[in-house]
Amino acid sequence: MYKIIDGKKVAAEIKLEIAAEVAKLKAAGKKIPHLAAILVGNNGSSETYVSNKVKDCEEVGFKSTLIRFNSDIAESVLLKKIDELNNDTDIDGFIVQLPLPKHISENKVIEAIDPKKDADGFHPVNIGKMVIGLSGYLPATPYGIIELIKRYSIETSGKNCVVIGRSNIVGRPVSILLSQKGFDATVTVVHSRTKNITDIVNKADIIIAAIGSPSFITEKMVKEGAVVFDVGATRIESKETKSGYKLVGDVDFEKVAPKCSYITPVPGGIGPMTRVSLLRNTLVAAKKV
Ligand code: GUN
């Protein structure tokens, strides 16, 4: 019988740990961590992510600030706001929710963020530190995945780990982390141009699915006893929910789960861990001030 990796439960535990840290900071008369989020436009998923991030801050006792811009904002105005936040001593960390409208360069925006305030861990300085094993801010989703690996004592040393997807925010960084000393996995990254994906995924002891394609991972791709992390969170319309939509993962859960030793559900798996990782980065940033 497979076991569920309960990201929601672990994230709730970590939030309590963070709230206790905030209480200690308050009691010692120190600064309360303050996270700011910039949201450009009104993409439905981004709205949900950002409002959840703000809610999380309230829950653990952080201050939060949400800054909104219309989707037609000039790139220069956004860069100016980033400069302001870089220089605002009350803000410990901030994020710019992605994706951005096409006329704005995501790379320029990410590079404009002060690496010391880069709560998302997307700045090249933080990515570079991660690659060579120095401490810095880790991207939130990979950070959440490795925390689950640790808390569930998932064996990674010498294991075949296949990462599906090569995005800068999930696939590539998680592949780097898991190949490093301490995790010691043998990592393969597959992507849209890979030939024979099924054959490669079939050999995986650990599968990390991060492509954003509902039910891409089918039963025949997964070997008996594999550990599966489903990063997918595609929003689809649904008559079953009040909101009118539901989140679906990259894994055909019903069919795949019975073959696994461990599997993360969607929702309630990686999503809550991503959110809590952002809080952890912000807490570290605040303590450094
Ligand atoms: N879009 C999807 N995931 C993320 C994330 O972790 N951070 C930001 N800023 N944008 C995202």
# chains A, B, ... in the order shown; residues from 1 in each chain; ligands from 1
>>> residues_near_ligand(ligand="ligand 1", cutoff="7 Å", atoms="only C-alpha atoms and all ligand atoms", output="list in words")
Ser46, Ile95, Val96, Gln97, Leu98, Pro99, Asp120, Pro139, Ala140, Thr141, Ile169 and Thr274 of chain A
>>> select_by_dssp(residues="range 39-68 of chain A", states="helix (DSSP H, G or I)", output="PyMOL selection string")
chain A and resi 44-60
>>> write_last_selection(atoms="C-alpha atoms", output="short mmCIF file (atom, residue, chain, number, x, y, z; two decimals), in the first residue's frame")
data_model
loop_
_atom_site.label_atom_id
_atom_site.label_comp_id
_atom_site.auth_asym_id
_atom_site.auth_seq_id
_atom_site.Cartn_x
_atom_site.Cartn_y
_atom_site.Cartn_z
CA GLY A 44 -6.28 33.85 -12.13
CA SER A 45 -3.62 31.44 -10.83
CA SER A 46 -1.25 34.27 -9.91
CA GLU A 47 -4.04 36.04 -8.00
CA THR A 48 -4.66 32.88 -6.00
CA TYR A 49 -0.95 32.26 -5.33
CA VAL A 50 -0.32 35.81 -4.18
CA SER A 51 -3.40 36.04 -1.96
CA ASN A 52 -2.40 32.72 -0.36
CA LYS A 53 1.11 34.06 0.26
CA VAL A 54 -0.35 37.13 2.00
CA LYS A 55 -2.64 34.89 4.09
CA ASP A 56 0.36 32.74 5.08
CA CYS A 57 2.21 35.83 6.30
CA GLU A 58 -0.70 36.80 8.54
CA GLU A 59 -0.90 33.27 9.91
CA VAL A 60 2.70 33.22 11.13
#
>>> atom_distance(atom1="CA of Gly232 in chain A", atom2="CA of Ser175 in chain A")
16.2 Å
>>> select_by_dssp(residues="range 100-197 of chain A", states="strand (DSSP E or B)", output="compact mmCIF listing (two decimals) with N, CA, C and O atoms, in the first residue's frame")
# COMPACT_ATOMS: atom_id res chain seq x y z
N ASP A 118 15.88 38.51 -2.07
CA ASP A 118 15.30 37.64 -3.10
C ASP A 118 14.65 36.40 -2.46
O ASP A 118 15.21 35.30 -2.49
N ASN A 160 18.10 6.38 -8.70
CA ASN A 160 17.83 7.02 -10.00
C ASN A 160 16.68 7.99 -9.82
O ASN A 160 15.56 7.58 -9.48
N CYS A 161 16.97 9.27 -10.06
CA CYS A 161 15.92 10.28 -9.92
C CYS A 161 15.69 10.90 -11.29
O CYS A 161 16.63 11.36 -11.93
N VAL A 162 14.46 10.87 -11.75
CA VAL A 162 14.15 11.49 -13.04
C VAL A 162 13.27 12.71 -12.80
O VAL A 162 12.21 12.62 -12.17
N VAL A 163 13.76 13.85 -13.29
CA VAL A 163 13.02 15.11 -13.19
C VAL A 163 12.41 15.37 -14.55
O VAL A 163 13.12 15.36 -15.56
N ILE A 164 11.10 15.59 -14.58
CA ILE A 164 10.44 15.86 -15.85
C ILE A 164 10.13 17.34 -15.90
O ILE A 164 9.31 17.83 -15.11
N THR A 186 21.41 9.98 -8.58
CA THR A 186 21.82 10.03 -9.99
C THR A 186 20.64 10.62 -10.74
O THR A 186 19.57 10.00 -10.83
N VAL A 187 20.82 11.86 -11.22
CA VAL A 187 19.66 12.61 -11.71
C VAL A 187 19.64 12.70 -13.24
O VAL A 187 20.66 13.00 -13.86
N THR A 188 18.50 12.45 -13.82
CA THR A 188 18.28 12.65 -15.26
C THR A 188 17.18 13.69 -15.42
O THR A 188 16.15 13.61 -14.72
N VAL A 189 17.41 14.66 -16.29
CA VAL A 189 16.36 15.65 -16.57
C VAL A 189 15.78 15.34 -17.95
O VAL A 189 16.53 15.27 -18.93
N VAL A 190 14.49 15.14 -18.03
CA VAL A 190 13.87 14.94 -19.34
C VAL A 190 12.97 16.14 -19.64
O VAL A 190 12.51 16.83 -18.74
>>> residues_around(residues="Asp199 in chain A", least_positions_apart="3", cutoff="10 Å", atoms="only C-alpha atoms", output="JSON, numbers by chain")
{"A": [195, 196, 202, 203, 204, 220, 221, 222]}
>>> write_last_selection(atoms="all heavy atoms", output="PDB file, in the first residue's frame")
ATOM      1  N   LYS A 195      13.767  11.932 -26.199  1.00  0.00           N
ATOM      2  CA  LYS A 195      13.205  10.755 -26.881  1.00  0.00           C
ATOM      3  C   LYS A 195      12.986   9.658 -25.846  1.00  0.00           C
ATOM      4  O   LYS A 195      13.749   9.539 -24.886  1.00  0.00           O
ATOM      5  CB  LYS A 195      14.165  10.278 -27.964  1.00  0.00           C
ATOM      6  CG  LYS A 195      14.406  11.355 -29.016  1.00  0.00           C
ATOM      7  CD  LYS A 195      14.862  10.739 -30.337  1.00  0.00           C
ATOM      8  CE  LYS A 195      14.887  11.771 -31.430  1.00  0.00           C
ATOM      9  NZ  LYS A 195      16.019  12.708 -31.337  1.00  0.00           N
ATOM     10  N   ASN A 196      12.000   8.860 -26.047  1.00  0.00           N
ATOM     11  CA  ASN A 196      11.696   7.706 -25.178  1.00  0.00           C
ATOM     12  C   ASN A 196      11.551   8.064 -23.709  1.00  0.00           C
ATOM     13  O   ASN A 196      12.162   7.449 -22.830  1.00  0.00           O
ATOM     14  CB  ASN A 196      12.786   6.625 -25.311  1.00  0.00           C
ATOM     15  CG  ASN A 196      12.950   6.185 -26.746  1.00  0.00           C
ATOM     16  OD1 ASN A 196      11.954   6.100 -27.481  1.00  0.00           O
ATOM     17  ND2 ASN A 196      14.168   5.932 -27.165  1.00  0.00           N
ATOM     18  N   ASN A 202      10.626   5.044 -16.553  1.00  0.00           N
ATOM     19  CA  ASN A 202      10.429   3.673 -16.052  1.00  0.00           C
ATOM     20  C   ASN A 202      11.546   3.175 -15.142  1.00  0.00           C
ATOM     21  O   ASN A 202      11.345   2.265 -14.343  1.00  0.00           O
ATOM     22  CB  ASN A 202      10.368   2.719 -17.250  1.00  0.00           C
ATOM     23  CG  ASN A 202       9.004   2.105 -17.352  1.00  0.00           C
ATOM     24  OD1 ASN A 202       8.457   1.681 -16.343  1.00  0.00           O
ATOM     25  ND2 ASN A 202       8.449   2.063 -18.540  1.00  0.00           N
ATOM     26  N   LYS A 203      12.732   3.738 -15.305  1.00  0.00           N
ATOM     27  CA  LYS A 203      13.886   3.297 -14.503  1.00  0.00           C
ATOM     28  C   LYS A 203      14.035   4.122 -13.221  1.00  0.00           C
ATOM     29  O   LYS A 203      14.961   3.896 -12.440  1.00  0.00           O
ATOM     30  CB  LYS A 203      15.170   3.396 -15.328  1.00  0.00           C
ATOM     31  CG  LYS A 203      15.164   2.455 -16.530  1.00  0.00           C
ATOM     32  CD  LYS A 203      16.531   2.368 -17.189  1.00  0.00           C
ATOM     33  CE  LYS A 203      16.523   1.360 -18.326  1.00  0.00           C
ATOM     34  NZ  LYS A 203      15.725   1.802 -19.501  1.00  0.00           N
ATOM     35  N   ALA A 204      13.123   5.072 -13.013  1.00  0.00           N
ATOM     36  CA  ALA A 204      13.293   5.994 -11.882  1.00  0.00           C
ATOM     37  C   ALA A 204      12.836   5.393 -10.554  1.00  0.00           C
ATOM     38  O   ALA A 204      11.750   4.818 -10.469  1.00  0.00           O
ATOM     39  CB  ALA A 204      12.490   7.268 -12.153  1.00  0.00           C
ATOM     40  N   LYS A 220       1.873   3.322 -16.882  1.00  0.00           N
ATOM     41  CA  LYS A 220       2.890   2.506 -17.557  1.00  0.00           C
ATOM     42  C   LYS A 220       4.296   3.134 -17.500  1.00  0.00           C
ATOM     43  O   LYS A 220       5.286   2.476 -17.766  1.00  0.00           O
ATOM     44  CB  LYS A 220       2.482   2.173 -18.996  1.00  0.00           C
ATOM     45  CG  LYS A 220       2.500   3.315 -19.973  1.00  0.00           C
ATOM     46  CD  LYS A 220       2.149   2.759 -21.355  1.00  0.00           C
ATOM     47  CE  LYS A 220       2.533   3.640 -22.523  1.00  0.00           C
ATOM     48  NZ  LYS A 220       2.211   5.030 -22.505  1.00  0.00           N
ATOM     49  N   MET A 221       4.367   4.402 -17.107  1.00  0.00           N
ATOM     50  CA  MET A 221       5.679   5.064 -17.008  1.00  0.00           C
ATOM     51  C   MET A 221       6.355   4.803 -15.664  1.00  0.00           C
ATOM     52  O   MET A 221       7.552   5.065 -15.519  1.00  0.00           O
ATOM     53  CB  MET A 221       5.523   6.580 -17.162  1.00  0.00           C
ATOM     54  CG  MET A 221       5.005   7.020 -18.500  1.00  0.00           C
ATOM     55  SD  MET A 221       4.628   8.775 -18.442  1.00  0.00           S
ATOM     56  CE  MET A 221       5.914   9.371 -19.476  1.00  0.00           C
ATOM     57  N   VAL A 222       5.598   4.335 -14.681  1.00  0.00           N
ATOM     58  CA  VAL A 222       6.095   4.303 -13.298  1.00  0.00           C
ATOM     59  C   VAL A 222       6.409   2.882 -12.872  1.00  0.00           C
ATOM     60  O   VAL A 222       5.592   1.975 -13.038  1.00  0.00           O
ATOM     61  CB  VAL A 222       5.022   4.913 -12.354  1.00  0.00           C
ATOM     62  CG1 VAL A 222       5.477   4.862 -10.900  1.00  0.00           C
ATOM     63  CG2 VAL A 222       4.709   6.344 -12.773  1.00  0.00           C
TER      64      VAL A 222
END
>>> residues_around(residues="Pro33 in chain A", least_positions_apart="2", cutoff="8 Å", atoms="only C-alpha atoms", output="JSON, numbers by chain")
{"A": [22, 31, 35, 62, 63, 91, 92, 282, 283, 285, 286, 287]}
>>> write_last_selection(atoms="N, CA and C atoms", output="mmCIF file, in the first residue's frame")
data_model
loop_
_atom_site.group_PDB
_atom_site.id
_atom_site.type_symbol
_atom_site.label_atom_id
_atom_site.label_comp_id
_atom_site.auth_asym_id
_atom_site.auth_seq_id
_atom_site.Cartn_x
_atom_site.Cartn_y
_atom_site.Cartn_z
ATOM 1 N N VAL A 22 8.788 33.904 15.277
ATOM 2 C CA VAL A 22 8.321 35.296 15.197
ATOM 3 C C VAL A 22 7.974 35.798 16.600
ATOM 4 N N LYS A 31 12.792 43.187 14.966
ATOM 5 C CA LYS A 31 11.921 43.507 13.838
ATOM 6 C C LYS A 31 11.088 42.292 13.405
ATOM 7 N N LEU A 35 7.334 40.645 4.282
ATOM 8 C CA LEU A 35 7.432 40.180 2.894
ATOM 9 C C LEU A 35 6.527 41.038 2.002
ATOM 10 N N PHE A 62 3.914 37.512 10.271
ATOM 11 C CA PHE A 62 4.740 38.418 9.455
ATOM 12 C C PHE A 62 3.897 39.619 9.039
ATOM 13 N N LYS A 63 4.591 40.691 8.700
ATOM 14 C CA LYS A 63 3.925 41.785 7.983
ATOM 15 C C LYS A 63 3.959 41.432 6.495
ATOM 16 N N ILE A 91 11.278 46.382 4.481
ATOM 17 C CA ILE A 91 10.978 45.163 3.710
ATOM 18 C C ILE A 91 12.189 44.226 3.781
ATOM 19 N N ASP A 92 11.967 43.022 4.302
ATOM 20 C CA ASP A 92 13.081 42.060 4.411
ATOM 21 C C ASP A 92 13.263 41.264 3.132
ATOM 22 N N THR A 282 12.025 34.296 3.966
ATOM 23 C CA THR A 282 11.773 35.644 4.490
ATOM 24 C C THR A 282 12.257 35.760 5.937
ATOM 25 N N LEU A 283 12.034 34.706 6.712
ATOM 26 C CA LEU A 283 12.486 34.717 8.112
ATOM 27 C C LEU A 283 14.010 34.851 8.180
ATOM 28 N N ALA A 285 15.932 36.162 5.899
ATOM 29 C CA ALA A 285 16.278 37.523 5.445
ATOM 30 C C ALA A 285 16.091 38.519 6.587
ATOM 31 N N ALA A 286 14.995 38.364 7.339
ATOM 32 C CA ALA A 286 14.701 39.305 8.429
ATOM 33 C C ALA A 286 15.731 39.204 9.548
ATOM 34 N N LYS A 287 16.181 37.981 9.811
ATOM 35 C CA LYS A 287 17.139 37.790 10.903
ATOM 36 C C LYS A 287 18.512 38.344 10.564
#
>>> closest_residue(among="A:Ile236, A:Ile206, A:Leu66, A:Leu148", to="Glu13 in chain A", atoms="only C-alpha atoms")
A:Leu148
>>> atom_distance(atom1="CA of Lys81 in chain A", atom2="CA of Leu278 in chain A")
20.4 Å
>>> closest_residue(among="A:Glu75, A:Asn281, A:Ile32, A:Thr264", to="Asn126 in chain A", atoms="only C-alpha atoms")
A:Asn281
>>> residues_around(residues="Ala36 in chain A", least_positions_apart="3", cutoff="6 Å", atoms="only C-alpha atoms", output="list of chain:residue names")
A:Ser64, A:Thr65, A:Leu66, A:Phe94
>>> closest_residue(among="A:Ser215, A:Gly225, A:Ser238, A:Ile104", to="Lys255 in chain A", atoms="only C-alpha atoms")
A:Ser215
>>> atom_distance(atom1="CA of Gly165 in chain A", atom2="CA of Ile211 in chain A")
5.0 Å
